[in-house]
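Text of entry.txt (compact mmCIF, C-alpha atoms) as supplied:
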```txt
# COMPACT_ATOMS: atom_id res chain seq x y z
CA MET H 1 236.75 -16.72 34.28
CA THR H 2 234.65 -19.44 32.69
CA SER H 3 232.06 -21.79 34.10
CA ALA H 4 233.22 -25.19 35.28
CA ILE H 5 231.13 -27.64 33.29
CA ILE H 6 230.91 -31.26 34.45
CA PRO H 7 230.66 -33.79 31.59
CA PRO H 8 227.05 -34.79 31.19
CA SER H 9 225.99 -37.98 32.95
CA ALA H 10 222.71 -39.84 32.58
CA ALA H 11 221.34 -38.01 35.62
CA ALA H 12 222.45 -34.63 34.26
CA ARG H 13 220.87 -35.34 30.88
CA LEU H 14 217.63 -36.35 32.58
CA ALA H 15 217.68 -33.17 34.65
CA SER H 16 218.21 -31.02 31.55
CA ARG H 17 215.35 -32.78 29.80
CA LEU H 18 213.06 -32.16 32.76
CA VAL H 19 213.93 -28.46 32.68
CA LEU H 20 213.04 -28.44 28.98
CA PHE H 21 209.83 -30.34 29.77
CA SER H 22 208.88 -27.71 32.33
CA VAL H 23 209.31 -25.04 29.64
CA LEU H 24 207.26 -27.23 27.31
CA ALA H 25 204.47 -27.51 29.88
CA THR H 26 204.32 -23.75 30.36
CA GLY H 27 204.36 -23.24 26.61
CA ILE H 28 201.38 -25.57 26.26
CA GLY H 29 199.40 -23.65 28.84
CA GLN H 30 200.27 -20.22 27.51
CA SER H 31 199.41 -21.08 23.92
CA MET H 32 196.13 -22.62 25.05
CA THR H 33 195.27 -19.42 26.88
CA PHE H 34 196.08 -17.21 23.90
CA ALA H 35 194.07 -19.45 21.58
CA LEU H 36 191.00 -19.42 23.83
CA LEU H 37 191.01 -15.95 25.35
CA ALA H 38 189.35 -14.17 22.42
CA PRO H 39 186.35 -16.53 22.15
CA LEU H 40 186.12 -16.87 25.94
CA GLY H 41 186.13 -13.10 26.33
CA ARG H 42 183.29 -12.71 23.88
CA GLU H 43 181.33 -15.51 25.59
CA ILE H 44 181.28 -13.50 28.83
CA GLY H 45 180.62 -10.21 27.03
CA LEU H 46 184.07 -8.58 26.97
CA ARG H 47 185.09 -6.15 24.24
CA GLU H 48 188.33 -6.56 22.27
CA ILE H 49 190.19 -3.88 24.23
CA GLN H 50 189.10 -5.44 27.54
CA VAL H 51 190.59 -8.76 26.45
CA GLY H 52 193.77 -6.93 25.47
CA LEU H 53 193.93 -5.29 28.90
CA ILE H 54 193.95 -8.70 30.59
CA ILE H 55 197.14 -9.63 28.75
CA THR H 56 198.60 -6.17 29.27
CA CYS H 57 198.19 -6.31 33.07
CA SER H 58 199.66 -9.78 33.39
CA SER H 59 202.52 -8.96 31.02
CA LEU H 60 203.37 -5.83 32.99
CA VAL H 61 203.62 -7.84 36.19
CA PHE H 62 205.68 -10.51 34.41
CA THR H 63 208.03 -7.82 33.10
CA LEU H 64 208.52 -6.27 36.54
CA THR H 65 209.00 -9.53 38.43
CA SER H 66 211.23 -11.41 35.94
CA PRO H 67 214.42 -9.41 36.74
CA ILE H 68 213.70 -9.83 40.46
CA TRP H 69 213.39 -13.59 40.11
CA GLY H 70 216.50 -13.61 37.93
CA ARG H 71 218.57 -12.03 40.70
CA THR H 72 216.89 -14.27 43.26
CA CYS H 73 217.91 -17.45 41.44
CA ASP H 74 221.54 -16.26 41.61
CA ARG H 75 221.17 -16.20 45.41
CA TRP H 76 218.77 -19.07 46.15
CA GLY H 77 219.80 -21.36 43.31
CA ARG H 78 218.12 -22.47 40.10
CA LYS H 79 215.96 -25.32 41.45
CA PRO H 80 213.93 -23.53 44.16
CA VAL H 81 213.12 -20.59 41.88
CA LEU H 82 212.18 -22.92 39.03
CA LEU H 83 209.84 -24.82 41.36
CA ILE H 84 208.19 -21.59 42.53
CA GLY H 85 207.52 -20.70 38.92
CA GLN H 86 206.14 -24.08 37.91
CA PHE H 87 203.92 -24.67 40.94
CA GLY H 88 202.79 -21.05 40.73
CA TYR H 89 201.79 -21.50 37.11
CA ALA H 90 199.84 -24.69 37.86
CA PHE H 91 197.88 -22.99 40.65
CA GLY H 92 197.36 -19.77 38.68
CA ALA H 93 196.08 -21.59 35.58
CA LEU H 94 193.58 -23.50 37.72
CA LEU H 95 192.34 -20.29 39.34
CA PHE H 96 192.12 -18.49 35.97
CA ALA H 97 190.02 -21.29 34.44
CA SER H 98 187.78 -21.45 37.51
CA VAL H 99 186.97 -17.74 37.34
CA PHE H 100 185.84 -18.17 33.73
CA PHE H 101 183.86 -21.25 34.75
CA PHE H 102 181.77 -19.24 37.22
CA GLY H 103 181.48 -16.44 34.66
CA LEU H 104 180.07 -18.76 32.01
CA LYS H 105 177.63 -20.19 34.56
CA GLY H 106 176.42 -16.70 35.46
CA ALA H 107 177.58 -16.90 39.07
CA LEU H 108 180.00 -14.03 38.42
CA THR H 109 179.14 -11.08 36.19
CA GLY H 110 180.10 -7.52 35.30
CA VAL H 111 182.94 -5.68 36.98
CA THR H 112 183.43 -8.36 39.64
CA LEU H 113 184.01 -11.03 37.01
CA TYR H 114 186.38 -8.85 35.00
CA LEU H 115 188.46 -7.85 38.03
CA LEU H 116 188.76 -11.48 39.15
CA VAL H 117 189.90 -12.51 35.67
CA ILE H 118 192.62 -9.85 35.78
CA PHE H 119 193.58 -10.71 39.36
CA SER H 120 193.96 -14.43 38.64
CA ARG H 121 196.03 -13.76 35.55
CA VAL H 122 198.25 -11.24 37.36
CA LEU H 123 198.80 -13.63 40.28
CA MET H 124 199.79 -16.37 37.87
CA ALA H 125 202.19 -14.05 36.03
CA SER H 126 203.90 -12.90 39.24
CA LEU H 127 204.74 -16.51 40.16
CA MET H 128 205.35 -18.10 36.78
CA SER H 129 207.87 -15.38 35.87
CA ALA H 130 210.32 -17.18 38.16
CA ALA H 131 210.51 -20.21 35.86
CA PRO H 132 211.93 -18.76 32.59
CA SER H 133 214.69 -16.87 34.42
CA ALA H 134 215.77 -19.98 36.31
CA ALA H 135 215.52 -22.23 33.23
CA SER H 136 217.64 -19.84 31.16
CA ALA H 137 220.25 -19.61 33.92
CA TYR H 138 220.27 -23.40 34.30
CA ILE H 139 221.00 -23.86 30.59
CA ALA H 140 223.77 -21.24 30.81
CA ASP H 141 225.27 -23.06 33.81
CA THR H 142 225.31 -26.41 32.02
CA THR H 143 226.63 -25.37 28.60
CA VAL H 144 230.02 -24.09 27.50
CA ALA H 145 230.17 -20.84 25.52
CA GLU H 146 230.50 -22.60 22.16
CA GLU H 147 227.26 -24.49 22.84
CA ARG H 148 225.31 -21.54 24.22
CA VAL H 149 223.43 -20.67 21.02
CA ALA H 150 222.42 -24.31 20.57
CA GLY H 151 221.46 -24.59 24.25
CA MET H 152 219.27 -21.52 24.09
CA GLY H 153 217.89 -22.85 20.83
CA ARG H 154 216.81 -26.05 22.60
CA LEU H 155 215.20 -23.97 25.32
CA GLY H 156 213.32 -21.95 22.72
CA ALA H 157 212.42 -25.12 20.83
CA ALA H 158 210.86 -26.61 23.97
CA ARG H 159 208.81 -23.45 24.43
CA THR H 160 207.64 -23.47 20.83
CA LEU H 161 206.93 -27.20 20.89
CA GLY H 162 204.57 -26.38 23.74
CA ALA H 163 203.10 -23.70 21.51
CA ILE H 164 202.53 -26.41 18.88
CA LEU H 165 200.90 -28.90 21.22
CA GLY H 166 198.85 -26.26 23.05
CA PRO H 167 196.70 -25.14 20.12
CA ALA H 168 196.40 -28.73 18.89
CA MET H 169 195.15 -29.83 22.31
CA SER H 170 192.89 -26.78 22.66
CA GLY H 171 191.36 -27.49 19.25
CA VAL H 172 190.60 -31.07 20.27
CA PHE H 173 189.38 -30.43 23.80
CA ALA H 174 187.45 -27.28 22.91
CA ALA H 175 184.88 -29.69 21.47
CA ILE H 176 184.24 -30.76 25.08
CA GLY H 177 184.13 -27.20 26.37
CA LEU H 178 186.12 -23.99 26.03
CA LEU H 179 187.56 -24.37 29.53
CA ALA H 180 188.66 -28.00 29.28
CA PRO H 181 192.06 -27.13 27.72
CA LEU H 182 192.88 -24.70 30.54
CA TYR H 183 192.28 -27.31 33.23
CA ILE H 184 194.46 -29.76 31.28
CA ALA H 185 197.22 -27.13 31.08
CA SER H 186 197.16 -26.79 34.85
CA GLY H 187 197.50 -30.56 35.22
CA VAL H 188 200.45 -30.80 32.82
CA ALA H 189 202.24 -27.99 34.68
CA LEU H 190 201.64 -29.76 37.98
CA VAL H 191 203.16 -32.99 36.65
CA SER H 192 206.27 -31.15 35.46
CA SER H 193 206.58 -29.44 38.85
CA LEU H 194 206.50 -32.75 40.72
CA LEU H 195 209.08 -34.31 38.42
CA LEU H 196 211.43 -31.36 38.91
CA ALA H 197 211.02 -31.53 42.68
CA LEU H 198 211.92 -35.23 42.70
CA VAL H 199 214.80 -35.35 40.19
CA LEU H 200 216.43 -31.96 39.61
CA LYS H 201 219.67 -31.09 41.42
CA GLU H 202 221.30 -27.70 41.62
CA PRO H 203 223.94 -27.33 38.86
CA PRO H 204 227.55 -26.67 39.90
CA ARG H 205 228.59 -23.04 39.71
CA THR H 206 231.80 -21.15 40.35
CA VAL H 207 229.98 -18.32 42.12
CA ASP H 208 228.89 -18.45 45.76
CA GLN H 209 225.12 -18.19 45.38
CA LYS H 210 224.71 -16.73 48.87
CA ARG H 211 226.90 -13.79 47.88
CA ALA H 212 225.59 -13.38 44.35
CA LYS H 213 223.82 -10.03 44.38
CA VAL H 214 224.36 -8.95 40.80
CA ARG H 215 222.19 -6.08 39.68
CA LEU H 216 222.54 -5.34 35.99
CA LYS H 217 221.60 -2.04 34.40
CA LEU H 218 219.04 -2.31 31.63
CA PHE H 219 221.03 -0.04 29.32
CA ASP H 220 224.31 -1.91 29.78
CA PRO H 221 225.88 -1.63 26.29
CA ARG H 222 227.04 -5.24 26.42
CA PHE H 223 223.55 -6.67 26.05
CA PHE H 224 221.08 -3.79 25.60
CA PRO H 225 220.99 -4.12 21.76
CA PHE H 226 219.78 -7.71 22.16
CA ILE H 227 217.21 -6.70 24.79
CA LEU H 228 215.88 -3.96 22.50
CA VAL H 229 215.51 -6.33 19.55
CA GLY H 230 213.67 -8.84 21.76
CA PHE H 231 211.30 -6.22 23.14
CA VAL H 232 210.30 -4.65 19.83
CA THR H 233 209.99 -8.05 18.13
CA PHE H 234 207.51 -9.28 20.72
CA PHE H 235 205.72 -5.92 20.88
CA ALA H 236 204.84 -6.30 17.20
CA PHE H 237 204.10 -10.02 17.55
CA SER H 238 201.75 -9.40 20.48
CA MET H 239 199.77 -6.90 18.41
CA MET H 240 199.14 -9.65 15.90
CA SER H 241 198.62 -12.57 18.27
CA GLN H 242 196.07 -10.76 20.44
CA THR H 243 193.93 -9.68 17.48
CA ILE H 244 194.24 -12.65 15.14
CA GLY H 245 191.37 -14.43 16.90
CA PHE H 246 189.05 -11.49 16.32
CA TYR H 247 190.34 -11.16 12.74
CA ILE H 248 189.63 -14.81 11.94
CA GLN H 249 186.16 -14.68 13.52
CA ASP H 250 185.18 -11.44 11.79
CA ARG H 251 186.83 -12.12 8.41
CA PHE H 252 185.39 -15.61 7.96
CA VAL H 253 182.21 -15.24 10.12
CA LEU H 254 182.85 -18.10 12.56
CA ASP H 255 181.28 -18.98 15.91
CA GLY H 256 183.28 -19.29 19.13
CA GLN H 257 184.11 -22.99 18.82
CA ALA H 258 185.06 -22.76 15.14
CA THR H 259 187.18 -19.69 15.91
CA ALA H 260 189.04 -21.54 18.67
CA GLN H 261 189.76 -24.43 16.31
CA ALA H 262 190.94 -22.10 13.53
CA ILE H 263 193.19 -20.17 15.92
CA GLY H 264 194.51 -23.49 17.18
CA MET H 265 195.54 -24.51 13.67
CA GLY H 266 197.14 -21.14 13.03
CA MET H 267 199.09 -21.08 16.28
CA MET H 268 200.13 -24.69 15.76
CA MET H 269 201.51 -23.86 12.32
CA SER H 270 203.29 -20.77 13.65
CA ALA H 271 204.79 -22.68 16.55
CA GLY H 272 205.68 -25.61 14.30
CA MET H 273 207.72 -23.43 11.97
CA SER H 274 209.31 -21.70 14.95
CA PHE H 275 210.23 -25.10 16.38
CA PHE H 276 211.71 -26.14 13.03
CA SER H 277 213.88 -23.04 12.86
CA GLN H 278 215.05 -23.32 16.49
CA ALA H 279 215.55 -27.07 16.65
CA PHE H 280 217.06 -27.61 13.20
CA LEU H 281 218.01 -24.44 11.33
CA VAL H 282 219.77 -22.75 14.25
CA ARG H 283 221.86 -25.86 14.93
CA ARG H 284 222.60 -26.63 11.27
CA LEU H 285 223.37 -23.07 10.13
CA ASN H 286 225.70 -22.47 13.10
CA MET H 287 225.12 -18.71 12.87
CA THR H 288 226.10 -16.02 15.34
CA PRO H 289 223.29 -14.32 17.32
CA THR H 290 223.30 -11.16 15.19
CA ARG H 291 223.16 -13.11 11.95
CA LEU H 292 220.12 -15.02 13.21
CA MET H 293 218.38 -11.74 13.97
CA CYS H 294 219.30 -10.27 10.59
CA LEU H 295 217.79 -13.32 8.89
CA GLY H 296 214.60 -13.52 10.97
CA LEU H 297 213.53 -9.87 11.11
CA PRO H 298 213.00 -9.40 7.35
CA ILE H 299 210.76 -12.49 7.38
CA LEU H 300 208.60 -10.87 10.06
CA LEU H 301 208.58 -7.60 8.15
CA ALA H 302 207.12 -9.34 5.07
CA GLY H 303 204.77 -11.60 7.00
CA TYR H 304 202.59 -9.09 8.87
CA PRO H 305 201.09 -7.23 5.87
CA MET H 306 200.60 -10.53 4.03
CA LEU H 307 198.01 -11.53 6.66
CA LEU H 308 195.67 -8.96 5.13
CA LEU H 309 195.83 -10.79 1.79
CA ALA H 310 194.67 -14.16 3.14
CA GLY H 311 191.42 -15.15 1.43
CA SER H 312 190.80 -18.32 3.42
CA VAL H 313 191.57 -19.90 6.77
CA PRO H 314 194.20 -22.29 5.26
CA ALA H 315 195.98 -19.35 3.60
CA LEU H 316 196.04 -17.41 6.85
CA VAL H 317 197.34 -20.48 8.69
CA ALA H 318 200.19 -20.75 6.18
CA LEU H 319 201.09 -17.08 6.66
CA LEU H 320 201.18 -17.55 10.43
CA GLY H 321 203.71 -20.29 9.76
CA ILE H 322 205.93 -17.76 7.98
CA LEU H 323 205.77 -15.47 11.00
CA GLY H 324 206.66 -18.40 13.24
CA LEU H 325 209.72 -19.13 11.12
CA GLY H 326 210.96 -15.57 11.52
CA LEU H 327 210.30 -15.46 15.25
CA GLY H 328 212.08 -18.79 15.69
CA LEU H 329 215.25 -17.29 14.23
CA VAL H 330 215.15 -13.99 16.12
CA SER H 331 214.44 -15.49 19.57
CA PRO H 332 217.58 -17.62 20.05
CA GLY H 333 219.55 -14.77 18.48
CA PHE H 334 218.79 -12.13 21.09
CA THR H 335 218.66 -14.71 23.91
CA ALA H 336 222.07 -16.24 23.23
CA GLY H 337 223.57 -12.85 22.38
CA ALA H 338 222.66 -11.40 25.77
CA SER H 339 223.81 -14.53 27.61
CA LEU H 340 227.18 -14.60 25.87
CA ALA H 341 227.76 -10.92 26.61
CA VAL H 342 228.05 -11.46 30.38
CA GLY H 343 229.97 -13.68 32.76
CA PRO H 344 228.92 -16.69 34.87
CA LYS H 345 227.95 -14.65 37.94
CA GLU H 346 225.57 -12.54 35.86
CA GLN H 347 223.66 -15.33 34.08
CA GLY H 348 220.67 -15.30 36.44
CA ALA H 349 220.36 -11.53 36.30
CA VAL H 350 220.60 -11.34 32.51
CA GLY H 351 218.28 -14.34 32.28
CA GLY H 352 215.65 -12.32 34.12
CA LEU H 353 216.02 -9.45 31.66
CA ILE H 354 215.85 -11.84 28.70
CA SER H 355 212.72 -13.47 30.08
CA ALA H 356 211.13 -10.06 30.54
CA CYS H 357 211.51 -9.16 26.85
CA PRO H 358 208.49 -11.09 25.52
CA ALA H 359 206.33 -10.03 28.47
CA ALA H 360 207.40 -6.40 28.10
CA GLY H 361 206.32 -6.54 24.49
CA PHE H 362 202.96 -7.89 25.61
CA VAL H 363 202.41 -4.98 28.03
CA LEU H 364 201.39 -2.38 25.46
CA GLY H 365 201.23 -4.54 22.33
CA PRO H 366 197.77 -6.02 23.03
CA LEU H 367 196.33 -2.61 23.96
CA VAL H 368 197.78 -0.93 20.89
CA GLY H 369 196.77 -3.84 18.66
CA THR H 370 193.18 -4.12 19.90
CA SER H 371 192.74 -0.34 19.88
CA LEU H 372 193.88 -0.15 16.27
CA TYR H 373 191.75 -3.18 15.43
CA GLN H 374 188.60 -1.42 16.62
CA VAL H 375 189.34 1.28 14.05
CA SER H 376 190.42 -1.10 11.29
CA PRO H 377 192.21 -4.48 11.23
CA VAL H 378 194.45 -3.08 8.51
CA TYR H 379 196.07 -0.63 10.93
CA THR H 380 197.10 -3.37 13.38
CA TYR H 381 199.12 -5.42 10.91
CA LEU H 382 200.55 -2.47 9.02
CA CYS H 383 201.76 -1.00 12.32
CA ALA H 384 203.48 -4.30 13.18
CA CYS H 385 205.14 -4.22 9.75
CA LEU H 386 206.32 -0.64 10.18
CA LEU H 387 207.93 -1.50 13.53
CA MET H 388 210.03 -4.15 11.80
CA VAL H 389 211.55 -1.68 9.34
CA PRO H 390 213.78 0.33 11.73
CA LEU H 391 214.42 -2.78 13.85
CA THR H 392 215.81 -4.65 10.84
CA VAL H 393 218.06 -1.70 10.02
CA TYR H 394 219.18 -1.56 13.67
CA ALA H 395 220.05 -5.28 13.72
CA TRP H 396 222.14 -4.90 10.57
CA ARG H 397 223.83 -1.87 12.13
CA ILE H 398 224.80 -3.96 15.16
CA ARG H 399 226.33 -6.51 12.86
CA GLY H 400 228.01 -3.86 10.73
CA LEU H 401 229.64 -2.27 13.76
CA GLY H 402 231.17 -5.62 14.60
CA ARG H 403 229.00 -6.22 17.65
CA GLU H 404 228.91 -9.96 17.20
CA ALA H 405 228.38 -11.95 20.37
CA VAL H 406 231.56 -12.97 22.08
CA THR H 407 232.62 -16.57 21.80
CA SER H 408 233.12 -17.00 25.53
CA PRO H 409 231.41 -15.48 28.55
CA ARG H 410 233.09 -12.55 30.21
CA SER H 411 234.28 -12.92 33.76
```
Would you mind writing the structure in this file as structure tokens?
Amino acid sequence: MTSAIIPPSAAARLASRLVLFSVLATGIGQSMTFALLAPLGREIGLREIQVGLIITCSSLVFTLTSPIWGRTCDRWGRKPVLLIGQFGYAFGALLFASVFFFGLKGALTGVTLYLLVIFSRVLMASLMSAAPSAASAYIADTTVAEERVAGMGRLGAARTLGAILGPAMSGVFAAIGLLAPLYIASGVALVSSLLLALVLKEPPRTVDQKRAKVRLKLFDPRFFPFILVGFVTFFAFSMMSQTIGFYIQDRFVLDGQATAQAIGMGMMMSAGMSFFSQAFLVRRLNMTPTRLMCLGLPILLAGYPMLLLAGSVPALVALLGILGLGLGLVSPGFTAGASLAVGPKEQGAVGGLISACPAAGFVLGPLVGTSLYQVSPVYTYLCACLLMVPLTVYAWRIRGLGREAVTSPRS
């Protein structure tokens, strides 16, 4: 059984673009947060591992709630779940920034401040996790199997375009104040939420959404190899991304504002190369999911240890671009591979598992990365490199065993 796809009309194209814009808005906010969290944490007196724990707690909640929202969007529909995620992110980002505002003013201090930071971030994660699952399922509903890799590539490109604009905006608005970018991120997410509420219509599906109660097993052999690649890839990437701010500040002796601007440039370069690979290379190369992974993973393997060789901020920024290129190839690979491995009635459920992969990697990655960093920065990036070695071999083994993604969804 295959999905019934209605030829795209102007309204359908607008709806798809608004879904991509919602992903873009979230990507802007997330990248802003990652760029600013290290200097903000130090401004209120947090240690590196405490900053890592903030991301770990929110990522754990995101990981646990994403599959739930994925199954929910199979029952409720794509639009309501997407709106919950977008409005939830807008509210959560506002609350998160406000807690830091009172912390910087001295109205909140110590354990109370730290617990409120974690609470606001966890609340945001529990709601925003609805959006990626619904967006992924929406793209699956509105693309035929032959276009699935390109469709997921566009979804990833929107996310990484947000990751480009986020650091650029944070670098500009950090001159006003470290919190200004976070308030702007909340506003952008709110605008995207309102546009979705006004324009988006539920896509046609062949499955009765009221009866859709699909519950996939994590270790289902159809898609587990793709889930594993996604998890380990983002586990290693989170180790790097949650320590790179400290590394830049310590290596080049920068203050908080200069660090935020340097991180912004680095993240913008990384996201820019990721966007290039997802928006152009994936479409032009027309590769299968496993081939994309086999191309991207060796790039990540080489990129992590090269960070230790950077002798200047521009050199480090360029190396982050290399990592972005590799991540931009791996992401649509495991995303499209998992989507193509299941049928139409399972797209929401597998979308939840796919969305949980990056967050699952960010559960322990920041803690491991910051813990190793406190011993020596060298250990953090060498560990990320070592993780890529068996993962690259595993991806080639998948390809060698003939486990290429199917060319049409299973019924």
*How many Å lie between atom CA of Val375 of chain H and atom CA of Leu387 of chain H, rounded to one decimal?*
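Answer for the atom CA of Val375 of chain H to atom CA of Leu387 of chain H separation: 18.8 Å.
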_Selection: 8 Å around Arg121 of chain H, only C-alpha atoms, excl. self and same-chain fewer than 3 positions, as an MDAnalysis selection string_ = chainID H and resid 54 58 92:93 96 117:118 124:125
*Find the residues near Ser31 of chain H: any atom within 10 Å, counting all atoms listed in the file, skip ones fewer than 2 places away on the same chain, and give them as a list of chain:residue names.*
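Counting all atoms listed in the file, the residues come to H:Thr26, H:Gly27, H:Ile28, H:Gly29, H:Thr33, H:Phe34, H:Ala35, H:Leu36, H:Leu37, H:Arg159, H:Thr160, H:Gly162, H:Ala163, H:Ile164, H:Leu165, H:Gly166, H:Pro167, H:Ala168, H:Met169, H:Ser170, H:Leu182, H:Ala185, H:Gly264, H:Met267, H:Met268, H:Ala271.
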Please tabulate, as CSV, the residues of segment 204-309 of chain H that come within 10 Å of segment 152-157 of chain H, each with its closest pair of atoms and the distance in Å to one decimal, counting only C-alpha atoms and ordering rows by chain, then residue number upward.
```
residue,atom,partner,partner_atom,distance
H:Ala271,CA,H:Ala157,CA,9.1
H:Gly272,CA,H:Ala157,CA,9.4
H:Ser274,CA,H:Ala157,CA,7.5
H:Phe275,CA,H:Ala157,CA,5.0
H:Phe276,CA,H:Ala157,CA,7.9
H:Ser277,CA,H:Ala157,CA,8.4
H:Gln278,CA,H:Gly153,CA,5.2
H:Ala279,CA,H:Ala157,CA,5.6
H:Phe280,CA,H:Gly153,CA,9.0
H:Leu281,CA,H:Gly153,CA,9.6
H:Val282,CA,H:Gly153,CA,6.8
H:Arg283,CA,H:Gly153,CA,7.7
```
*So, counting only C-alpha atoms, which residue among H:Asn286, H:Thr233, H:Ser22, H:Ser376 is closest to Val191 of chain H?*
H:Ser22
*Please indicate the distance in Å from atom CA of Tyr138 of chain H to atom CA of Gln347 of chain H, rounded to one decimal place.*
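Between atom CA of Tyr138 of chain H and atom CA of Gln347 of chain H the gap is 8.8 Å.
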*Using atom CA of Phe62 of chain H and atom CA of Lys79 of chain H as the two end points, give the distance in Å to one decimal.*
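Atom CA of Lys79 of chain H lies at a distance of 19.4 Å from atom CA of Phe62 of chain H.
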*asked:* With distances taken over all atoms listed in the file, which residue among H:Thr142, H:Thr290, H:Gln30, H:Ser331 lies nearest Ala189 of chain H?
replied: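 The closest residue to Ala189 of chain H is H:Gln30.
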*asked:* Considering all atoms listed in the file, can you say which of H:Met293, H:Ala262, H:Val81, H:Val342 comes closest to Pro314 of chain H?
replied: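 Nearest candidate to Pro314 of chain H out of H:Met293, H:Ala262, H:Val81, H:Val342: H:Ala262.
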*Using all atoms listed in the file, collect all residues at a distance of at most 9 Å from (206.4, -5.9, 10.7) as written in the file, then present them as an MDAnalysis selection string.*
chainID H and resid 233 236:237 297:305 381:389
Save segment 272-290 of chain H from what I just supplied, as a short mmCIF file (atom, residue, chain, number, x, y, z; two decimals), in the first residue's frame, atoms limited to C-alpha atoms.
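Heads up, here's the output in decode21.cif:
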```cif
data_model
loop_
_atom_site.label_atom_id
_atom_site.label_comp_id
_atom_site.auth_asym_id
_atom_site.auth_seq_id
_atom_site.Cartn_x
_atom_site.Cartn_y
_atom_site.Cartn_z
CA GLY H 272 26.20 26.80 6.25
CA MET H 273 28.17 23.80 5.05
CA SER H 274 25.48 21.48 6.39
CA PHE H 275 22.87 23.47 4.48
CA PHE H 276 24.98 23.27 1.32
CA SER H 277 25.28 19.50 1.58
CA GLN H 278 21.57 18.98 2.34
CA ALA H 279 20.11 21.51 -0.08
CA PHE H 280 22.46 20.91 -3.02
CA LEU H 281 24.72 17.87 -2.71
CA VAL H 282 22.01 15.46 -1.54
CA ARG H 283 19.72 16.48 -4.41
CA ARG H 284 22.45 16.55 -7.07
CA LEU H 285 24.25 13.34 -6.07
CA ASN H 286 20.96 11.39 -5.88
CA MET H 287 22.50 8.91 -3.43
CA THR H 288 20.78 6.25 -1.38
CA PRO H 289 20.56 6.79 2.41
CA THR H 290 23.38 4.37 3.23
#
```
